[in-house]
$ cat model-v7.cif   # mmCIF, C-alpha atoms
data_upload
#
loop_
_atom_site.label_atom_id
_atom_site.label_comp_id
_atom_site.auth_asym_id
_atom_site.auth_seq_id
_atom_site.Cartn_x
_atom_site.Cartn_y
_atom_site.Cartn_z
CA MET A 665 55.61 112.13 95.05
CA ARG A 666 57.93 109.38 96.26
CA ARG A 667 59.22 109.66 99.80
CA MET A 668 62.98 109.55 100.28
CA ASN A 669 64.25 106.34 101.85
CA PRO A 670 68.00 106.69 102.47
CA LEU A 671 68.35 103.10 103.71
CA GLY A 672 66.68 101.69 100.61
CA GLU A 673 68.73 103.89 98.31
CA PHE A 674 71.94 102.81 100.03
CA LEU A 675 71.05 99.11 99.88
CA ARG A 676 70.01 99.33 96.22
CA SER A 677 73.21 101.16 95.31
CA ARG A 678 75.36 98.55 97.06
CA ARG A 679 73.38 95.68 95.49
CA GLY A 680 73.89 97.24 92.09
CA VAL A 681 77.69 97.05 92.19
CA ILE A 682 78.01 93.37 93.11
CA ARG A 683 77.81 90.98 90.20
CA PRO A 684 76.23 87.57 90.87
CA GLN A 685 79.44 85.75 89.95
CA ASP A 686 81.38 87.94 92.43
CA ALA A 687 79.02 86.73 95.16
CA GLY A 688 79.51 83.09 94.16
CA LEU A 689 76.11 82.72 92.50
CA VAL A 690 75.56 80.81 89.29
CA ARG A 691 74.39 83.02 86.47
CA TYR A 692 71.78 81.53 84.16
CA GLY A 693 71.54 83.24 80.79
CA GLU A 694 72.80 86.65 79.79
CA ARG A 695 69.65 88.73 80.17
CA ARG A 696 69.08 90.32 83.56
CA ARG A 697 66.85 93.25 84.42
CA VAL A 698 69.31 94.45 87.05
CA THR A 699 73.05 94.78 86.71
CA GLY A 700 73.84 93.72 90.25
CA LEU A 701 72.26 91.34 92.72
CA ARG A 702 68.52 90.86 92.81
CA ARG A 703 66.71 91.22 96.12
CA GLU A 704 66.14 87.45 96.15
CA GLU A 705 69.84 86.76 95.68
CA LEU A 706 70.91 89.15 98.44
CA ALA A 707 68.29 87.72 100.81
CA GLN A 708 69.63 84.24 100.10
CA LEU A 709 73.23 85.34 100.75
CA ALA A 710 72.24 87.10 103.98
CA GLY A 711 70.11 84.19 105.18
CA VAL A 712 66.88 86.17 105.53
CA SER A 713 63.55 85.83 103.77
CA VAL A 714 62.94 87.83 100.62
CA SER A 715 59.92 89.53 102.17
CA TYR A 716 61.93 90.60 105.23
CA TYR A 717 64.76 91.96 103.09
CA THR A 718 62.21 93.79 100.92
CA ARG A 719 60.68 95.40 104.03
CA LEU A 720 64.17 96.38 105.19
CA GLU A 721 64.94 97.99 101.84
CA GLN A 722 61.59 99.79 101.89
CA GLY A 723 62.27 101.16 105.36
CA GLN A 724 59.52 99.10 106.97
CA ALA A 725 61.67 97.09 109.40
CA PRO A 726 62.23 99.50 112.29
CA ASN A 727 63.59 96.94 114.76
CA VAL A 728 66.10 95.10 112.60
CA SER A 729 68.61 93.11 114.65
CA ASP A 730 72.39 93.48 114.66
CA GLU A 731 72.66 89.93 113.30
CA VAL A 732 70.53 90.72 110.25
CA LEU A 733 72.43 93.93 109.57
CA ASP A 734 75.74 92.06 109.95
CA ALA A 735 74.55 89.39 107.52
CA VAL A 736 73.45 92.01 104.99
CA ALA A 737 76.76 93.86 105.39
CA ARG A 738 78.70 90.63 104.78
CA ALA A 739 76.58 89.75 101.74
CA LEU A 740 77.19 93.23 100.31
CA HIS A 741 80.94 93.11 101.07
CA LEU A 742 80.72 96.40 102.97
CA ASP A 743 83.87 97.96 104.39
CA PRO A 744 83.82 99.17 108.03
CA GLY A 745 82.73 102.70 107.06
CA GLU A 746 79.90 101.47 104.86
CA ARG A 747 78.86 99.02 107.57
CA ALA A 748 78.66 101.84 110.12
CA HIS A 749 76.62 103.87 107.61
CA LEU A 750 74.22 100.92 107.15
CA PHE A 751 73.69 100.67 110.92
CA ALA A 752 73.12 104.45 111.17
CA LEU A 753 70.57 104.40 108.33
CA ALA A 754 68.75 101.38 109.76
CA ARG A 755 68.45 103.07 113.16
CA PRO A 756 67.82 106.77 112.62
CA GLY A 757 67.67 108.90 115.73
CA ARG A 758 69.46 106.40 117.91
CA ALA A 759 72.90 107.00 119.30
CA ALA A 760 75.49 105.30 117.15
CA THR A 761 77.01 102.37 118.92
CA GLU A 762 80.29 100.85 118.02
CA PRO A 763 79.75 97.25 116.95
CA ALA A 764 81.38 94.73 119.18
CA GLY A 765 84.69 93.67 117.74
CA ARG A 766 85.02 90.02 117.02
CA ALA A 767 88.10 88.22 118.21
CA THR A 768 90.17 86.51 115.56
CA THR A 769 92.15 84.36 117.98
CA ALA A 770 91.36 82.56 121.20
CA PRO A 771 92.65 84.09 124.45
CA PRO A 772 95.82 82.46 125.87
CA GLY A 773 93.87 80.89 128.74
CA LEU A 774 91.85 78.84 126.26
CA HIS A 775 95.03 77.54 124.63
CA GLN A 776 96.20 76.40 128.07
CA MET A 777 92.86 74.72 128.71
CA LEU A 778 93.01 72.90 125.37
CA ALA A 779 96.56 71.75 126.15
CA MET A 780 95.30 70.26 129.44
CA MET A 781 92.87 68.01 127.53
CA PRO A 782 95.21 65.76 125.50
CA ASP A 783 92.85 62.76 125.48
CA VAL A 784 89.74 64.58 124.23
CA PRO A 785 89.23 66.22 120.81
CA ALA A 786 88.39 69.86 121.56
CA MET A 787 88.15 73.16 119.75
CA VAL A 788 87.07 76.75 120.36
CA LEU A 789 84.49 78.17 117.95
CA GLY A 790 83.56 81.79 117.35
CA ALA A 791 80.08 83.25 116.95
CA ALA A 792 79.93 82.34 113.26
CA THR A 793 81.38 78.86 113.93
CA GLU A 794 84.85 79.87 112.84
CA VAL A 795 87.56 77.78 114.51
CA TYR A 796 89.82 79.88 116.75
CA ALA A 797 91.84 77.08 118.34
CA TRP A 798 91.94 73.32 118.75
CA ASN A 799 94.03 70.68 120.41
CA PRO A 800 95.94 68.00 118.43
CA LEU A 801 93.11 65.44 118.68
CA GLY A 802 90.55 68.05 117.63
CA HIS A 803 92.72 68.83 114.63
CA ALA A 804 93.13 65.15 113.76
CA LEU A 805 89.40 64.55 114.03
CA LEU A 806 88.14 67.57 112.10
CA ALA A 807 90.89 68.80 109.79
#
$ encode --input "model-v7.cif" --output "structure tokens"
Amino acid sequence: MRRMNPLGEFLRSRRGVIRPQDAGLVRYGERRRVTGLRREELAQLAGVSVSYYTRLEQGQAPNVSDEVLDAVARALHLDPGERAHLFALARPGRAATEPAGRATTAPPGLHQMLAMMPDVPAMVLGAATEVYAWNPLGHALLA
């Protein structure tokens, strides 16, 4: 009898609804054994090894990091509720923690600091190397 693995079932169900072309992957040929993303494709999109993703889906990765779960959630295009569900399934028995919100803009103090550096190209990057702010020389250099 097969043991229930809620995390694996959730990941497989979410993988099944994303078509490769929706994820920006090139589709070779028309015949596929799965309708959605393969494990290999999702691992590639999330930036983890196929064996690690397979262990995660099989429930054999008990200490998965927030970064890996975030990457998997992004690759699966999960909404905030589904993302929270993924974290809860990956960490059963632990108190649910609210993920740290990511800023989408730089704080005003950083804008002032950038303005005080007119002779140096400068920019403020977020955790995923997204650009939050830059000064005019930084913009000229990198835009």
$ atom_distance --input "model-v7.cif" --atom1 "CA of Val681 (chain A)" --atom2 "CA of Leu740 (chain A)"
9.0 Å
$ residues_near_point --input "model-v7.cif" --point "(64.3, 86.5, 104.7)" --cutoff "12 Å" --atoms "only C-alpha atoms" --output "ChimeraX atom specification"
/A:703-721,725,728,732,735-736
$ resolve_selection --input "model-v7.cif" --expression "the PyMOL selection byres ((chain A and resi 800) around 10)" --output "list in words"
Leu778, Ala779, Met781, Pro782, Asp783, Val784, Pro785, Ala786, Met787, Ala797, Trp798, Asn799, Leu801, Gly802, His803, Ala804 and Leu805 of chain A
$ atom_distance --input "model-v7.cif" --atom1 "CA of Gly672 (chain A)" --atom2 "CA of Gly723 (chain A)"
6.5 Å
$ resolve_selection --input "model-v7.cif" --expression "the PyMOL selection byres ((chain A and resi 754) around 8)" --output "JSON, numbers by chain"
{"A": [671, 723, 726, 728, 750, 751, 752, 753, 755, 756]}
$ atom_distance --input "model-v7.cif" --atom1 "CA of Asn727 (chain A)" --atom2 "CA of Leu701 (chain A)"
24.3 Å
$ resolve_selection --input "model-v7.cif" --expression "the PyMOL selection byres ((chain A and resi 747) around 12)" --output "ChimeraX atom specification"
/A:671,674-675,678,730,733-746,748-754,760-763
